[in-house]
Amino acid sequence: MAKLHVYKYQGAGNDFVVVDNRRGEADFLTPALINRLCDRRFGVGADGLMTLCASAEADFEMHYYNADGPEGTMCGNGGRCLVAFADLMGIRKFDFQACDGPHRAEVLSRDGDRRIVRLKMRDVEPPVKYPDGWLLETGSTHFLQWVENLASFDVDREGKRLRWDARFPKGANVNFIEPFADHLFVRTYERGVEAETWACGTGATASALASYLHGEKCFVRRMENGDERIKFAVETRGGSLAVDFIALPDGSFRDVWLTGPAARVFETDIDPEKL
C-alpha cells in the first residue's frame, strides 16, 4: 500500500485530517483506516477526515467521514477547512458539492497558513420544539438546549444522554447555548466523535438560528436589498465564529452563511500499514 500524504487542518479548534483525492489515489481508505488516522493516540488525531474530490458538476466535491470511520453528514467547519485547503491547492473558485447539496464559499483573507473563510450553508426549515429543547437540521441534525453557567456544565454527560435519545432514531449532535450581551457561547457534543468538540460549524449555525427564534437579542441587524440580515457572534471553546442569515416569517431561514478561521497545522506522509 502506498504512503498517504495527509494534511492537518483546524477551524476554531475543530480539527481534521485532509486528503487530496482528486485523482483517486486515496480510494483505498476504509472506515477502519479512517478511524485509525483520526485516533488521538495511534494516528494523526482529528474530529474527522475529509477528502477533496474531483466533480463534473462543481469546482470540487467534499466527502466527510466521522472520526469513528463511516461517512458523515455535512460539517460546516470542515467545509471551511476544505475550502482553505482547495485554496492552497490553487483552486480559486469554491462552488462545491457536499452530501447535503451544493455550497459556495469565499476566502476573505489569507495570512500564511491561515484563511478566513465564509461558507454558504443550506436553507433551513423551521425547528421542531420539544419541552426540553429544539431540533434543527442545518446539514447535520442538532438538538439545542439553553443553559446557565455553560462554562462549568457537564457537556459530555448530558450530551451523551441526549445524543442517544429515542426521539432521534438516527442520533443527533447536541448543542448547549448560553446567551450574553453581544454573543452566544456554544458547546457541542458531537456524534461520530462521541465527545465534546471544541467547535462545530453546523452546530454554531443551528444555535444562532434557534436563538433568534427563541428571542435572544444579542445580534446585529442590517438591511440588504430590502431584506433584514441578522448576524450572531458565536464563541466556542476553540475560537470565534459568525453566522448571518435572512429569517422568513414562517420560521425558516435562507441565505445562511458561516464565517471563521481555517488553518493548516502541518502535513506529512503516513504509511497506512504501520498504523
# chains A, B, ... in the order shown; residues from 1 in each chain; ligands from 1
>>> select_by_dssp(residues="segment 65-208 of chain A", states="strand (DSSP E or B)", output="ChimeraX atom specification")
/A:65-66,71,95-98,101-111,114-120,124,128-130,133-137,141-146,173-179,184-190,195-197
>>> residues_around(residues="Asn66 of chain A", least_positions_apart="2", cutoff="10 Å", atoms="only C-alpha atoms", output="ChimeraX atom specification")
/A:16,31,34-35,38,46-50,64,68-73,75,190-194
>>> closest_atom_pairs(of="segment 81-174 of chain A", to="segment 10-13 of chain A", cutoff="10 Å", atoms="only C-alpha atoms", output="Markdown table")
| residue | atom | partner | partner_atom | distance |
| --- | --- | --- | --- | --- |
| A:Cys81 | CA | A:Gly11 | CA | 6.3 |
| A:Leu82 | CA | A:Gln10 | CA | 9.9 |
| A:Ala84 | CA | A:Gly11 | CA | 9.8 |
| A:Arg114 | CA | A:Gly11 | CA | 9.5 |
| A:Arg115 | CA | A:Gly11 | CA | 9.4 |
| A:Ile116 | CA | A:Gly11 | CA | 9.4 |
| A:Val117 | CA | A:Gly11 | CA | 9.5 |
>>> residues_around(residues="segment 134-141 of chain A", least_positions_apart="6", cutoff="7 Å", atoms="only C-alpha atoms", output="PDB file with C-alpha atoms, in the first residue's frame")
ATOM      1  CA  THR A  73     -23.280  14.406   7.307  1.00  0.00           C
ATOM      2  CA  MET A  74     -22.331  17.982   6.445  1.00  0.00           C
ATOM      3  CA  ASP A 100     -26.364  17.846   1.677  1.00  0.00           C
ATOM      4  CA  ARG A 122     -28.154  25.129   3.153  1.00  0.00           C
ATOM      5  CA  VAL A 124     -33.081  25.682   6.922  1.00  0.00           C
ATOM      6  CA  PRO A 127     -37.239  23.803  14.083  1.00  0.00           C
ATOM      7  CA  VAL A 128     -39.164  21.127  15.932  1.00  0.00           C
ATOM      8  CA  ALA A 172     -28.229  13.952  16.925  1.00  0.00           C
ATOM      9  CA  ASN A 173     -25.452  16.340  17.768  1.00  0.00           C
ATOM     10  CA  THR A 202     -23.349  23.280  11.700  1.00  0.00           C
ATOM     11  CA  ALA A 206     -28.156  25.866  14.381  1.00  0.00           C
TER      12      ALA A 206
END
>>> residues_around(residues="Phe60 of chain A", least_positions_apart="4", cutoff="7 Å", atoms="only C-alpha atoms", output="ChimeraX atom specification")
/A:52-55,96-97
>>> closest_residue(among="A:Ala26, A:Leu144, A:Leu209, A:Met223", to="Ala247 of chain A", atoms="only C-alpha atoms")
A:Leu209
>>> residues_around(residues="Arg110 of chain A", least_positions_apart="6", cutoff="12 Å", atoms="only C-alpha atoms", output="PDB file with C-alpha atoms, in the first residue's frame")
ATOM      1  CA  ALA A  84      -8.864  26.733   2.709  1.00  0.00           C
ATOM      2  CA  PHE A  85      -7.138  23.536   1.527  1.00  0.00           C
ATOM      3  CA  ASP A  87      -7.180  27.469  -1.992  1.00  0.00           C
ATOM      4  CA  LEU A  88      -3.764  26.100  -1.006  1.00  0.00           C
ATOM      5  CA  ILE A 116     -10.826  33.452   6.931  1.00  0.00           C
ATOM      6  CA  VAL A 117     -13.495  31.530   5.044  1.00  0.00           C
ATOM      7  CA  PRO A 261     -10.807  30.900  10.636  1.00  0.00           C
ATOM      8  CA  ALA A 262      -9.353  27.825   8.945  1.00  0.00           C
ATOM      9  CA  ALA A 263      -5.657  26.989   9.214  1.00  0.00           C
ATOM     10  CA  ARG A 264      -3.193  24.354   8.081  1.00  0.00           C
TER      11      ARG A 264
END
>>> closest_residue(among="A:Ile246, A:Glu106, A:Glu273, A:Val44", to="Asn225 of chain A", atoms="only C-alpha atoms")
A:Ile246
>>> residues_around(residues="Ala204 of chain A", least_positions_apart="4", cutoff="9 Å", atoms="only C-alpha atoms", output="short mmCIF file (atom, residue, chain, number, x, y, z; two decimals) with N, CA and C atoms, in the first residue's frame")
data_model
loop_
_atom_site.label_atom_id
_atom_site.label_comp_id
_atom_site.auth_asym_id
_atom_site.auth_seq_id
_atom_site.Cartn_x
_atom_site.Cartn_y
_atom_site.Cartn_z
N GLY A 76 -19.76 21.99 8.88
CA GLY A 76 -19.55 23.38 8.49
C GLY A 76 -18.10 23.82 8.62
N ASN A 175 -26.21 20.64 21.17
CA ASN A 175 -25.61 21.95 21.43
C ASN A 175 -26.20 22.54 22.69
N LEU A 184 -23.25 34.60 21.56
CA LEU A 184 -23.68 33.32 22.11
C LEU A 184 -22.44 32.51 22.46
N VAL A 186 -21.38 28.67 22.90
CA VAL A 186 -21.94 27.38 22.48
C VAL A 186 -20.91 26.27 22.72
N ARG A 187 -21.38 25.18 23.30
CA ARG A 187 -20.57 23.97 23.44
C ARG A 187 -21.34 22.81 22.81
N THR A 188 -20.60 21.88 22.19
CA THR A 188 -21.23 20.84 21.37
C THR A 188 -20.71 19.45 21.71
N ALA A 199 -15.40 23.06 18.67
CA ALA A 199 -16.30 23.90 17.88
C ALA A 199 -17.06 22.99 16.94
N CYS A 200 -18.16 23.48 16.40
CA CYS A 200 -18.94 22.74 15.41
C CYS A 200 -19.65 23.77 14.53
N ALA A 208 -27.36 29.74 16.37
CA ALA A 208 -27.73 31.12 16.03
C ALA A 208 -29.16 31.20 15.52
N LEU A 209 -29.54 30.29 14.63
CA LEU A 209 -30.89 30.32 14.07
C LEU A 209 -31.94 30.09 15.16
N VAL A 234 -20.61 33.98 17.60
CA VAL A 234 -20.69 32.73 18.35
C VAL A 234 -19.30 32.39 18.88
N GLU A 235 -19.19 32.29 20.19
CA GLU A 235 -17.93 31.90 20.82
C GLU A 235 -17.98 30.41 21.17
N THR A 236 -16.91 29.72 20.86
CA THR A 236 -16.78 28.30 21.20
C THR A 236 -15.52 28.12 22.03
N LEU A 241 -16.69 32.35 15.79
CA LEU A 241 -17.36 32.16 14.51
C LEU A 241 -18.44 33.23 14.38
N ALA A 242 -18.96 33.38 13.17
CA ALA A 242 -20.09 34.30 12.95
C ALA A 242 -21.08 33.62 12.03
N VAL A 243 -22.35 33.84 12.30
CA VAL A 243 -23.44 33.26 11.49
C VAL A 243 -24.36 34.40 11.09
N LEU A 258 -21.76 30.91 7.27
CA LEU A 258 -20.90 30.64 8.43
C LEU A 258 -19.51 31.17 8.11
#
>>> closest_residue(among="A:Ala2, A:Ala210, A:Ala233, A:Ala166", to="His183 of chain A", atoms="only C-alpha atoms")
A:Ala233
>>> closest_residue(among="A:Ala58, A:Ser152, A:Gly159, A:Lys129", to="His103 of chain A", atoms="only C-alpha atoms")
A:Ala58
>>> residues_around(residues="Asp227 of chain A", least_positions_apart="3", cutoff="12 Å", atoms="only C-alpha atoms", output="ChimeraX atom specification")
/A:221-224,230,245-249,254-255
>>> write_last_selection(atoms="C-alpha atoms", output="PDB file, in the first residue's frame")
ATOM      1  CA  ARG A 221     -29.076  43.610  12.017  1.00  0.00           C
ATOM      2  CA  ARG A 222     -28.683  45.464   8.762  1.00  0.00           C
ATOM      3  CA  MET A 223     -30.795  45.941   5.675  1.00  0.00           C
ATOM      4  CA  GLU A 224     -29.620  44.270   2.481  1.00  0.00           C
ATOM      5  CA  ILE A 230     -29.284  39.027  11.142  1.00  0.00           C
ATOM      6  CA  PHE A 245     -28.882  34.864   7.637  1.00  0.00           C
ATOM      7  CA  ILE A 246     -32.252  36.094   6.494  1.00  0.00           C
ATOM      8  CA  ALA A 247     -35.176  34.928   8.644  1.00  0.00           C
ATOM      9  CA  LEU A 248     -38.533  34.273   6.972  1.00  0.00           C
ATOM     10  CA  PRO A 249     -41.966  34.765   8.590  1.00  0.00           C
ATOM     11  CA  ARG A 254     -32.393  31.400   3.743  1.00  0.00           C
ATOM     12  CA  ASP A 255     -29.045  32.769   2.595  1.00  0.00           C
TER      13      ASP A 255
END
>>> closest_residue(among="A:Ala32, A:Ala151, A:Ala67, A:Ala181", to="Arg237 of chain A", atoms="only C-alpha atoms")
A:Ala151
